[in-house]
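> Structure incoming, see below.
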Protein chains: 2
Amino acid sequence: MVELSAPDAQAPSREADSPRDSLVVRFGPDRPLKLDAGVELSPFQVAYKTYGALNADRSNAVLICHALTGDQHAASENPVTRKPGWWETLVGPGKPIDTERYFVICPNVIGACLGTSGPASINAKTGQPWGLEFPVITIRDMVRAQAMLLDELQIDSLFAVAGGSMGGMQVLQWAASYPQRVYAALPIACSTRHSAQNIAFHEVGRQAVMADPEWRGGRYLVEGTNPRRGLAVARMGAHITYLSDAALHRKFGRKFQDRESVTFSFDADFEVESYLRHQGSTFVDRFDANSYLYLTRAMDYFDLAADYSGAVANAFKGAETRFCVVSFTSDWLFPTSDSRAIVHALNAAGARVSFAEIVTDKGHDAFLLEEPELFAIVRGFLEGAARSRGLAPASSAPASSAPARK
Amino acid sequence: MVELSAPDAQAPSREADSPRDSLVVRFGPDRPLKLDAGVELSPFQVAYKTYGALNADRSNAVLICHALTGDQHAASENPVTRKPGWWETLVGPGKPIDTERYFVICPNVIGACLGTSGPASINAKTGQPWGLEFPVITIRDMVRAQAMLLDELQIDSLFAVAGGSMGGMQVLQWAASYPQRVYAALPIACSTRHSAQNIAFHEVGRQAVMADPEWRGGRYLVEGTNPRRGLAVARMGAHITYLSDAALHRKFGRKFQDRESVTFSFDADFEVESYLRHQGSTFVDRFDANSYLYLTRAMDYFDLAADYSGAVANAFKGAETRFCVVSFTSDWLFPTSDSRAIVHALNAAGARVSFAEIVTDKGHDAFLLEEPELFAIVRGFLEGAARSRGLAPASSAPASSAPARK
């Protein structure tokens, strides 16, 4: 069985409304979030992190969109896990997304569990955690909330918006919903619509959570239980899809875990089993099970063509945004064919687009890992766009510091 | 949540020791099964089905080895599900494995739950179902039990042995363990060793079963519970791996299930979700959860190279068996590269081998489906082997009928 660390039922929910080391904007009853589901979320809040400083023109803002299990801690230590930020490979001083040059904003998405309103947040009407009463949200809803955050920060236009996986979906939605506000867009390892196979994998994960009796119809926070085992199983299954057959073979193969041979038991004889169990058990310490349901659902629902009269190209018609689309050869969750489809739609819309397929065996997770070719592409693309936009190079000091409203 | 049909906790276990519509050989205390785990299983029994008639020379026997969730009902209605046999596409009168010509034997494997001894069987020492007290078994143990069955049936030599997936592993093991007893071997969609990714998928399935509180440490049959939800989740996840991205796209795409658009809920909005839930809920009606653990474990443990001094070729040294190896282009569970590795090992061993990679989008499950090219290849290979062996063509009537000992 999954070896779970000491139970701590409140760990994710503690962060749900009062996140550590984050900025928070609270939107009152006068500023509801209009959701695709046809309802309004109000009041609600968005937690975010910033890195670097906004320049005097307010023209150097880069929005980072996180993936399914990511958060706002892109480039600094995560206060829950005490691990480095999830995109420190790419974001920081002197890094490809250079925080000495750009003002980086990374919000926690709507539906998540690290400070932005989600199912683990308190429903003001009941004084209790939302649970499944929280409305089902979409990628477009995430982006709408981010746009309201930028309004609050008085940032009319983003120099760039970047993200991988679910973050890449948000990038595409940003360019579609607010073309005038996005100068450059970097959708990485993503797609314009979630595939049947990906919906299927998500559904298995959701069923694993819901099959856990401690899930209690989503009311586990109220009832003091925690569907840790179900969520761990969901994470284990999903984690396989983030890697590749080749990477698993290279990293683990059939190596044994602290033993010389098989034990004729259901222990974790193989390293890969031990690794997966660890992935499952650490994930449940930092993530809310209902958030997992909501965010996977948002990805399932993502379908730009359906939202724009049957053709993705319609979403980008007349776009001035310049795009850089990136895929990885061994990514079977969002294969290169998905990225090519984005490029074809952008071409059909007459948009400016460059495309790179990076050769790697690291699978979907390559966008989070040490991938020098990715770093070079992102750096080069942003430098070119910055020159076009007339953004000062990193050497000149920014003129104003970041707004930090609470 | 998975919509489970009416609970019937005893359905699989009812078949465990008294299978309907099957023949059974019981091996008493004088004939124990020597297991790789270093222990003996005794008494034990093997349930099997036969089709066609054994000829006077006893030279026309074809052994069919089933896959993980298969059974002995290869070519006739399954008495539990009332569905056609799982390989009726390939096995039957006039079919590529022609029961008018060959005497087909299909045993239920050791560890399974349809009449051959497994964890749902009664442990003679305690009078209760084995549960996790059943010894962990291997592919080689399955094959040993089959060899004992053939001894009992007085069949010294098999004209052919055929199977896909876990069945293909048994075929390879047959050729390795009993080269003199196998004239022709047809390993389909399989591998000489389970990959890290495949072990990982199996481990997720096992964790899903074990996370179900009704599993009760494997004692659910004694305690009157049934880990249906956990097993359903395991099946759903595994089922995705049996198909392909392309097949799921072709069959389901993003089609909605009995609705015009998304419902902003966690219902099965998409057809692919509904399909998967159905796969999960019907599986638990016919399969024992502990058997699922044991058979996945046996596959994980399969590693011919490790068993034969580090090189698969050693397993087949001096083999007279003729092989036909088959893979499918869209099979990502046992990709063509795995079959090529089998072929290379057979070449290195100087064995006679032909190889076919069949172009299909149906994924791993293609070996169970309507694949005319597979049918043509199996028919052609067996006809050629039959001519070499001097087996009479189908038109001449067989000389003796099948032994049917109980």
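We name chains A, B, ... following the order of the structure tokens; residues begin at 1 in each chain, and ligands are numbered from 1 as shown.
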Neighbouring residues of segment 197-200 of chain A were defined as those with any atom within 10 Å, considering only C-alpha atoms; residues of the same chain fewer than 4 positions away were excluded. Please report them as a compact mmCIF listing (two decimals) with N, CA and C atoms, in the first residue's frame.


```txt
# COMPACT_ATOMS: atom_id res chain seq x y z
N ARG A 193 -7.11 21.51 -27.47
CA ARG A 193 -8.23 20.73 -26.93
C ARG A 193 -7.68 19.48 -26.27
N VAL A 204 -9.99 8.58 -14.74
CA VAL A 204 -9.50 7.54 -13.83
C VAL A 204 -9.03 8.18 -12.52
N GLY A 205 -8.31 9.28 -12.62
CA GLY A 205 -7.83 9.97 -11.42
C GLY A 205 -8.99 10.46 -10.56
N ARG A 206 -9.98 11.04 -11.21
CA ARG A 206 -11.15 11.52 -10.45
C ARG A 206 -11.87 10.36 -9.78
N ALA A 238 -1.29 9.61 -12.90
CA ALA A 238 -1.00 10.79 -13.71
C ALA A 238 0.50 10.96 -13.91
N THR A 241 2.08 9.47 -16.85
CA THR A 241 1.83 10.14 -18.14
C THR A 241 2.70 11.37 -18.33
N THR A 296 -8.60 19.18 -13.26
CA THR A 296 -8.61 18.21 -14.36
C THR A 296 -9.84 18.44 -15.24
N ARG A 297 -10.97 18.78 -14.60
CA ARG A 297 -12.19 19.03 -15.36
C ARG A 297 -12.03 20.23 -16.29
N MET A 299 -9.36 21.25 -17.66
CA MET A 299 -8.54 20.83 -18.81
C MET A 299 -9.38 20.00 -19.79
N ASP A 300 -10.18 19.08 -19.24
CA ASP A 300 -11.05 18.26 -20.11
C ASP A 300 -11.94 19.15 -20.98
N TYR A 301 -12.45 20.20 -20.38
CA TYR A 301 -13.41 21.07 -21.07
C TYR A 301 -12.75 21.97 -22.10
N TRP A 332 3.98 12.25 -24.70
CA TRP A 332 2.86 11.54 -25.31
C TRP A 332 1.52 12.02 -24.74
N LEU A 333 1.57 12.92 -23.76
CA LEU A 333 0.34 13.50 -23.23
C LEU A 333 -0.11 14.63 -24.16
N PHE A 334 0.84 15.47 -24.55
CA PHE A 334 0.58 16.53 -25.53
C PHE A 334 1.64 16.38 -26.62
N MET B 236 -10.08 0.61 -15.15
CA MET B 236 -10.21 1.79 -16.01
C MET B 236 -8.84 2.28 -16.48
N GLY B 237 -7.92 2.39 -15.52
CA GLY B 237 -6.58 2.86 -15.87
C GLY B 237 -5.91 1.91 -16.84
N HIS B 239 -7.28 -0.20 -18.84
CA HIS B 239 -7.96 -0.27 -20.13
C HIS B 239 -7.43 0.80 -21.11
N ILE B 240 -7.10 1.97 -20.58
CA ILE B 240 -6.55 3.01 -21.47
C ILE B 240 -5.28 2.51 -22.14
N THR B 241 -4.48 1.76 -21.38
CA THR B 241 -3.21 1.31 -21.93
C THR B 241 -3.39 0.21 -22.99
N LEU B 243 -5.59 0.42 -25.38
CA LEU B 243 -6.05 1.06 -26.61
C LEU B 243 -4.94 1.98 -27.13
N SER B 244 -5.31 2.94 -27.94
CA SER B 244 -4.32 3.90 -28.43
C SER B 244 -4.99 5.26 -28.48
N ASP B 245 -4.16 6.28 -28.44
CA ASP B 245 -4.63 7.65 -28.58
C ASP B 245 -5.50 7.78 -29.84
N ALA B 246 -5.00 7.21 -30.93
CA ALA B 246 -5.71 7.32 -32.21
C ALA B 246 -7.05 6.59 -32.17
N ALA B 247 -7.07 5.40 -31.57
CA ALA B 247 -8.31 4.64 -31.50
C ALA B 247 -9.33 5.35 -30.62
N LEU B 248 -8.87 5.91 -29.51
CA LEU B 248 -9.79 6.65 -28.63
C LEU B 248 -10.32 7.88 -29.35
N HIS B 249 -9.45 8.51 -30.13
CA HIS B 249 -9.89 9.69 -30.88
C HIS B 249 -10.93 9.28 -31.93
N PHE B 252 -14.18 7.92 -29.90
CA PHE B 252 -14.88 8.82 -28.98
C PHE B 252 -14.59 10.30 -29.25
N GLY B 253 -13.34 10.61 -29.55
CA GLY B 253 -12.98 12.01 -29.68
C GLY B 253 -13.47 12.77 -28.45
N ARG B 254 -14.10 13.91 -28.68
CA ARG B 254 -14.66 14.69 -27.57
C ARG B 254 -16.19 14.64 -27.59
N PHE B 270 -18.49 13.16 -21.25
CA PHE B 270 -17.90 12.66 -22.49
C PHE B 270 -18.14 11.16 -22.63
N GLU B 271 -18.34 10.74 -23.87
CA GLU B 271 -18.56 9.31 -24.15
C GLU B 271 -17.42 8.46 -23.60
N VAL B 272 -16.20 8.97 -23.71
CA VAL B 272 -15.05 8.17 -23.29
C VAL B 272 -15.09 7.93 -21.78
N GLU B 273 -15.65 8.88 -21.03
CA GLU B 273 -15.79 8.67 -19.59
C GLU B 273 -16.82 7.59 -19.29
N SER B 274 -17.94 7.68 -19.99
CA SER B 274 -19.00 6.70 -19.79
C SER B 274 -18.51 5.29 -20.15
N TYR B 275 -17.78 5.21 -21.25
CA TYR B 275 -17.22 3.93 -21.71
C TYR B 275 -16.28 3.34 -20.65
N LEU B 276 -15.41 4.18 -20.12
CA LEU B 276 -14.44 3.70 -19.13
C LEU B 276 -15.15 3.23 -17.86
N ARG B 277 -16.14 4.01 -17.41
CA ARG B 277 -16.88 3.60 -16.21
C ARG B 277 -17.53 2.25 -16.42
```

> Enumerate the residues of segment 67-224 of chain A with a DSSP assignment of alpha helix (DSSP H), computed from the backbone, and present them as a ChimeraX atom specification.

/A:139-152,166-177,196-211,220-223

> Please identify the strand (DSSP E or B) residues within segment 32-208 of chain B (assignment by DSSP from backbone atoms) and present them as a PyMOL selection string.

chain B and resi 33-34+40-41+44-51+61-65+91-92+97-98+103-107+122-123+128-129+158-164+182-188+193

> Let me see the file: selected residues, N, CA and C atoms, as a short mmCIF file (atom, residue, chain, number, x, y, z; two decimals), in the first residue's frame.


```
data_model
loop_
_atom_site.label_atom_id
_atom_site.label_comp_id
_atom_site.auth_asym_id
_atom_site.auth_seq_id
_atom_site.Cartn_x
_atom_site.Cartn_y
_atom_site.Cartn_z
N LEU B 33 2.74 -28.46 -7.22
CA LEU B 33 3.31 -27.54 -8.19
C LEU B 33 4.48 -26.82 -7.53
N LYS B 34 5.68 -27.05 -8.07
CA LYS B 34 6.89 -26.42 -7.52
C LYS B 34 6.97 -24.99 -8.05
N GLU B 40 5.85 -25.09 -2.48
CA GLU B 40 5.03 -25.97 -3.31
C GLU B 40 3.56 -25.64 -3.10
N LEU B 41 2.81 -25.65 -4.17
CA LEU B 41 1.37 -25.46 -4.08
C LEU B 41 0.73 -26.84 -4.21
N PHE B 44 -3.65 -28.62 -5.86
CA PHE B 44 -4.08 -27.52 -6.73
C PHE B 44 -4.83 -28.12 -7.91
N GLN B 45 -5.49 -27.24 -8.64
CA GLN B 45 -6.24 -27.73 -9.80
C GLN B 45 -6.10 -26.76 -10.97
N VAL B 46 -6.30 -27.31 -12.15
CA VAL B 46 -6.27 -26.51 -13.37
C VAL B 46 -7.58 -26.72 -14.12
N ALA B 47 -8.27 -25.61 -14.39
CA ALA B 47 -9.48 -25.67 -15.21
C ALA B 47 -9.10 -25.36 -16.65
N TYR B 48 -9.77 -25.99 -17.58
CA TYR B 48 -9.43 -25.75 -18.98
C TYR B 48 -10.61 -26.07 -19.88
N LYS B 49 -10.51 -25.59 -21.09
CA LYS B 49 -11.48 -25.91 -22.13
C LYS B 49 -10.73 -26.55 -23.29
N THR B 50 -11.41 -27.41 -24.02
CA THR B 50 -10.82 -27.91 -25.26
C THR B 50 -11.80 -27.69 -26.40
N TYR B 51 -11.24 -27.59 -27.59
CA TYR B 51 -12.04 -27.41 -28.80
C TYR B 51 -11.43 -28.31 -29.87
N ALA B 61 -2.16 -30.90 -31.12
CA ALA B 61 -2.61 -30.08 -29.99
C ALA B 61 -2.04 -28.66 -30.10
N VAL B 62 -2.91 -27.69 -29.92
CA VAL B 62 -2.49 -26.28 -29.87
C VAL B 62 -2.89 -25.72 -28.50
N LEU B 63 -1.91 -25.23 -27.80
CA LEU B 63 -2.17 -24.63 -26.49
C LEU B 63 -2.38 -23.13 -26.67
N ILE B 64 -3.50 -22.66 -26.12
CA ILE B 64 -3.78 -21.22 -26.15
C ILE B 64 -3.55 -20.66 -24.74
N CYS B 65 -2.73 -19.63 -24.65
CA CYS B 65 -2.43 -19.03 -23.34
C CYS B 65 -3.16 -17.68 -23.25
N VAL B 91 -10.00 -18.47 -33.22
CA VAL B 91 -10.07 -19.90 -32.90
C VAL B 91 -11.48 -20.43 -33.13
N GLY B 92 -11.60 -21.48 -33.93
CA GLY B 92 -12.91 -22.09 -34.17
C GLY B 92 -12.88 -22.84 -35.49
N ILE B 97 -6.90 -20.54 -36.32
CA ILE B 97 -6.56 -21.69 -35.47
C ILE B 97 -7.79 -22.60 -35.54
N ASP B 98 -7.70 -23.50 -36.52
CA ASP B 98 -8.88 -24.23 -37.02
C ASP B 98 -9.17 -25.45 -36.13
N PHE B 103 -6.45 -29.68 -32.18
CA PHE B 103 -7.07 -29.91 -30.87
C PHE B 103 -6.61 -28.77 -29.96
N VAL B 104 -7.50 -27.84 -29.70
CA VAL B 104 -7.13 -26.64 -28.96
C VAL B 104 -7.40 -26.83 -27.47
N ILE B 105 -6.40 -26.53 -26.67
CA ILE B 105 -6.52 -26.60 -25.20
C ILE B 105 -6.28 -25.20 -24.66
N CYS B 106 -7.20 -24.72 -23.86
CA CYS B 106 -6.99 -23.40 -23.25
C CYS B 106 -7.19 -23.51 -21.74
N PRO B 107 -6.11 -23.47 -20.98
CA PRO B 107 -6.23 -23.56 -19.52
C PRO B 107 -6.36 -22.18 -18.88
N ILE B 122 -10.19 -22.13 -2.29
CA ILE B 122 -10.14 -22.56 -0.89
C ILE B 122 -8.78 -23.20 -0.59
N ASN B 123 -8.15 -22.69 0.44
CA ASN B 123 -6.90 -23.28 0.93
C ASN B 123 -7.28 -24.52 1.75
N GLN B 128 -10.55 -22.02 4.12
CA GLN B 128 -10.98 -20.66 3.76
C GLN B 128 -10.26 -20.20 2.49
N PRO B 129 -10.81 -19.17 1.83
CA PRO B 129 -10.10 -18.66 0.63
C PRO B 129 -8.67 -18.24 0.99
N LEU B 158 3.37 -30.31 -28.15
CA LEU B 158 2.38 -29.39 -28.71
C LEU B 158 2.74 -29.08 -30.14
N PHE B 159 1.74 -29.14 -31.01
CA PHE B 159 2.01 -28.66 -32.36
C PHE B 159 2.31 -27.16 -32.29
N ALA B 160 1.51 -26.46 -31.50
CA ALA B 160 1.77 -25.01 -31.39
C ALA B 160 1.30 -24.49 -30.05
N VAL B 161 1.88 -23.38 -29.66
CA VAL B 161 1.42 -22.64 -28.49
C VAL B 161 1.31 -21.18 -28.92
N ALA B 162 0.18 -20.57 -28.56
CA ALA B 162 -0.10 -19.21 -29.05
C ALA B 162 -0.74 -18.38 -27.95
N GLY B 163 -0.44 -17.09 -27.97
CA GLY B 163 -1.09 -16.19 -27.01
C GLY B 163 -0.61 -14.77 -27.19
N GLY B 164 -1.40 -13.83 -26.70
CA GLY B 164 -1.03 -12.42 -26.79
C GLY B 164 -0.86 -11.84 -25.40
N VAL B 182 7.48 -28.03 -27.92
CA VAL B 182 6.80 -26.98 -28.70
C VAL B 182 7.33 -26.99 -30.13
N TYR B 183 6.46 -27.36 -31.08
CA TYR B 183 6.90 -27.37 -32.48
C TYR B 183 6.86 -25.97 -33.07
N ALA B 184 5.80 -25.22 -32.76
CA ALA B 184 5.65 -23.87 -33.31
C ALA B 184 5.14 -22.94 -32.21
N ALA B 185 5.65 -21.72 -32.20
CA ALA B 185 5.29 -20.78 -31.14
C ALA B 185 4.87 -19.44 -31.74
N LEU B 186 3.77 -18.89 -31.21
CA LEU B 186 3.21 -17.63 -31.72
C LEU B 186 3.08 -16.61 -30.58
N PRO B 187 4.16 -15.95 -30.22
CA PRO B 187 4.05 -14.90 -29.20
C PRO B 187 3.61 -13.59 -29.85
N ILE B 188 2.48 -13.06 -29.39
CA ILE B 188 1.87 -11.88 -30.01
C ILE B 188 1.83 -10.72 -29.02
N ARG B 193 10.50 -9.07 -21.21
CA ARG B 193 10.56 -8.53 -19.85
C ARG B 193 9.60 -7.36 -19.74
#
```

> What lies within 12 Å of Asn108 of chain B using only C-alpha atoms, ignoring chain neighbours under 6 positions off, as a ChimeraX atom specification?

/B:15-17,19,22-25,45-50,63-74,114-118,142-143,145-146,149,167,291,295

> Can you spit out the residues from that selection as a PDB file, in the first residue's frame, using C-alpha atoms?


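Produced file out.pdb, reproduced below:
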```pdb
ATOM      1  CA  GLU B  15     -16.126 -19.905 -10.128  1.00  0.00           C
ATOM      2  CA  ALA B  16     -12.896 -20.220  -8.217  1.00  0.00           C
ATOM      3  CA  ASP B  17     -13.131 -23.927  -7.458  1.00  0.00           C
ATOM      4  CA  PRO B  19     -16.075 -23.450 -12.783  1.00  0.00           C
ATOM      5  CA  SER B  22     -14.992 -26.242 -17.919  1.00  0.00           C
ATOM      6  CA  LEU B  23     -12.931 -29.360 -17.446  1.00  0.00           C
ATOM      7  CA  VAL B  24     -10.822 -29.602 -14.303  1.00  0.00           C
ATOM      8  CA  VAL B  25      -7.764 -31.647 -13.408  1.00  0.00           C
ATOM      9  CA  GLN B  45      -6.237 -27.726  -9.801  1.00  0.00           C
ATOM     10  CA  VAL B  46      -6.268 -26.505 -13.372  1.00  0.00           C
ATOM     11  CA  ALA B  47      -9.479 -25.671 -15.215  1.00  0.00           C
ATOM     12  CA  TYR B  48      -9.430 -25.753 -18.978  1.00  0.00           C
ATOM     13  CA  LYS B  49     -11.482 -25.908 -22.132  1.00  0.00           C
ATOM     14  CA  THR B  50     -10.819 -27.908 -25.258  1.00  0.00           C
ATOM     15  CA  LEU B  63      -2.170 -24.630 -26.492  1.00  0.00           C
ATOM     16  CA  ILE B  64      -3.780 -21.215 -26.155  1.00  0.00           C
ATOM     17  CA  CYS B  65      -2.431 -19.026 -23.341  1.00  0.00           C
ATOM     18  CA  HIS B  66      -4.707 -16.272 -22.093  1.00  0.00           C
ATOM     19  CA  ALA B  67      -3.909 -12.687 -21.118  1.00  0.00           C
ATOM     20  CA  LEU B  68      -4.170 -10.955 -17.737  1.00  0.00           C
ATOM     21  CA  THR B  69      -7.950 -10.816 -17.560  1.00  0.00           C
ATOM     22  CA  GLY B  70      -8.670 -13.662 -19.952  1.00  0.00           C
ATOM     23  CA  ASP B  71      -9.727 -17.204 -19.139  1.00  0.00           C
ATOM     24  CA  GLN B  72     -10.157 -20.683 -20.599  1.00  0.00           C
ATOM     25  CA  HIS B  73     -13.217 -19.697 -22.627  1.00  0.00           C
ATOM     26  CA  ALA B  74     -11.254 -18.783 -25.742  1.00  0.00           C
ATOM     27  CA  LEU B 114     -12.087 -19.146 -13.056  1.00  0.00           C
ATOM     28  CA  GLY B 115     -11.386 -22.640 -11.821  1.00  0.00           C
ATOM     29  CA  THR B 116      -7.599 -22.912 -11.650  1.00  0.00           C
ATOM     30  CA  SER B 117      -6.149 -22.485  -8.162  1.00  0.00           C
ATOM     31  CA  GLY B 118      -5.678 -18.864  -7.188  1.00  0.00           C
ATOM     32  CA  MET B 142       1.818 -20.831 -14.960  1.00  0.00           C
ATOM     33  CA  VAL B 143       3.662 -22.744 -17.648  1.00  0.00           C
ATOM     34  CA  ALA B 145       1.122 -26.048 -14.259  1.00  0.00           C
ATOM     35  CA  GLN B 146       0.156 -26.203 -17.937  1.00  0.00           C
ATOM     36  CA  LEU B 149      -1.967 -30.584 -17.351  1.00  0.00           C
ATOM     37  CA  GLY B 167      -0.336 -15.074 -23.061  1.00  0.00           C
ATOM     38  CA  SER B 291      -6.166 -12.434  -8.749  1.00  0.00           C
ATOM     39  CA  LEU B 295      -1.352 -11.829 -12.266  1.00  0.00           C
TER      40      LEU B 295
END
```

> What gap, in Å, lies between atom CA of Asn290 of chain B and atom CA of Leu132 of chain B?

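Pair atom CA of Asn290 of chain B / atom CA of Leu132 of chain B returns 7.4 Å.
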
> Taking into account only C-alpha atoms, which residue in the set A:Ala319, A:Val233, A:Ile155, A:Ile139 is nearest to Asp307 of chain A?

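Ranked by minimum distance to Asp307 of chain A, first place goes to A:Ile139.
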
> Considering only C-alpha atoms, can you say which of A:Ala392, A:Ala189, A:Leu231, A:Val326 comes closest to chain B?

A:Leu231

> Env of Ala376 of chain B: 12 Å cut, atoms = only C-alpha atoms, seq-sep filter 3 positions within chain, self excluded. Answer as a PyMOL selection string.

chain B and resi 89-90+95-97+326+356+358+370-373+379-383

> Find the residue from B:Asp269, B:Asp21, B:Asp30, B:Glu77 that sits nearest to chain A; use only C-alpha atoms when measuring.

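For chain A, the nearest of the candidates is B:Asp269.
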
> Could you check the closest approach to chain A for each of B:Ile137, B:Ala385, B:Ile377, B:Leu391 and tell me which residue wins, using only C-alpha atoms?

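Of B:Ile137, B:Ala385, B:Ile377, B:Leu391, the one nearest chain A is B:Ile137, counting only C-alpha atoms.
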
> Which neighbours of Phe302 of chain B fall inside 10 Å, counting only C-alpha atoms, when residues of the same chain fewer than 4 positions from it are skipped, and could you give them as number ranges by chain?

B: 138-140, 166, 169-170, 173, 191-195, 297-298, 306-307

> What is the atom CA of Phe201 of chain A-atom CA of Ala311 of chain A distance in Å, reported with one decimal?

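Spanning atom CA of Phe201 of chain A to atom CA of Ala311 of chain A is a straight-line distance of 25.5 Å.
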
> Closest to chain B among A:Gly363, A:Gly230, A:Pro335, A:Pro393, using only C-alpha atoms?

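Smallest separation from chain B among the options: A:Gly230.
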
> Of the candidates A:Phe134, A:Phe355, A:Tyr308, A:Phe316, which one gets nearest to chain B if we count only C-alpha atoms?

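Comparing A:Phe134, A:Phe355, A:Tyr308, A:Phe316 against chain B, the winner is A:Phe134.
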
> Have a look at atom CA of Thr81 of chain B and atom CA of Phe367 of chain B and let me know their distance in Å, one decimal.

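Computed distance, atom CA of Thr81 of chain B to atom CA of Phe367 of chain B, equals 20.2 Å.
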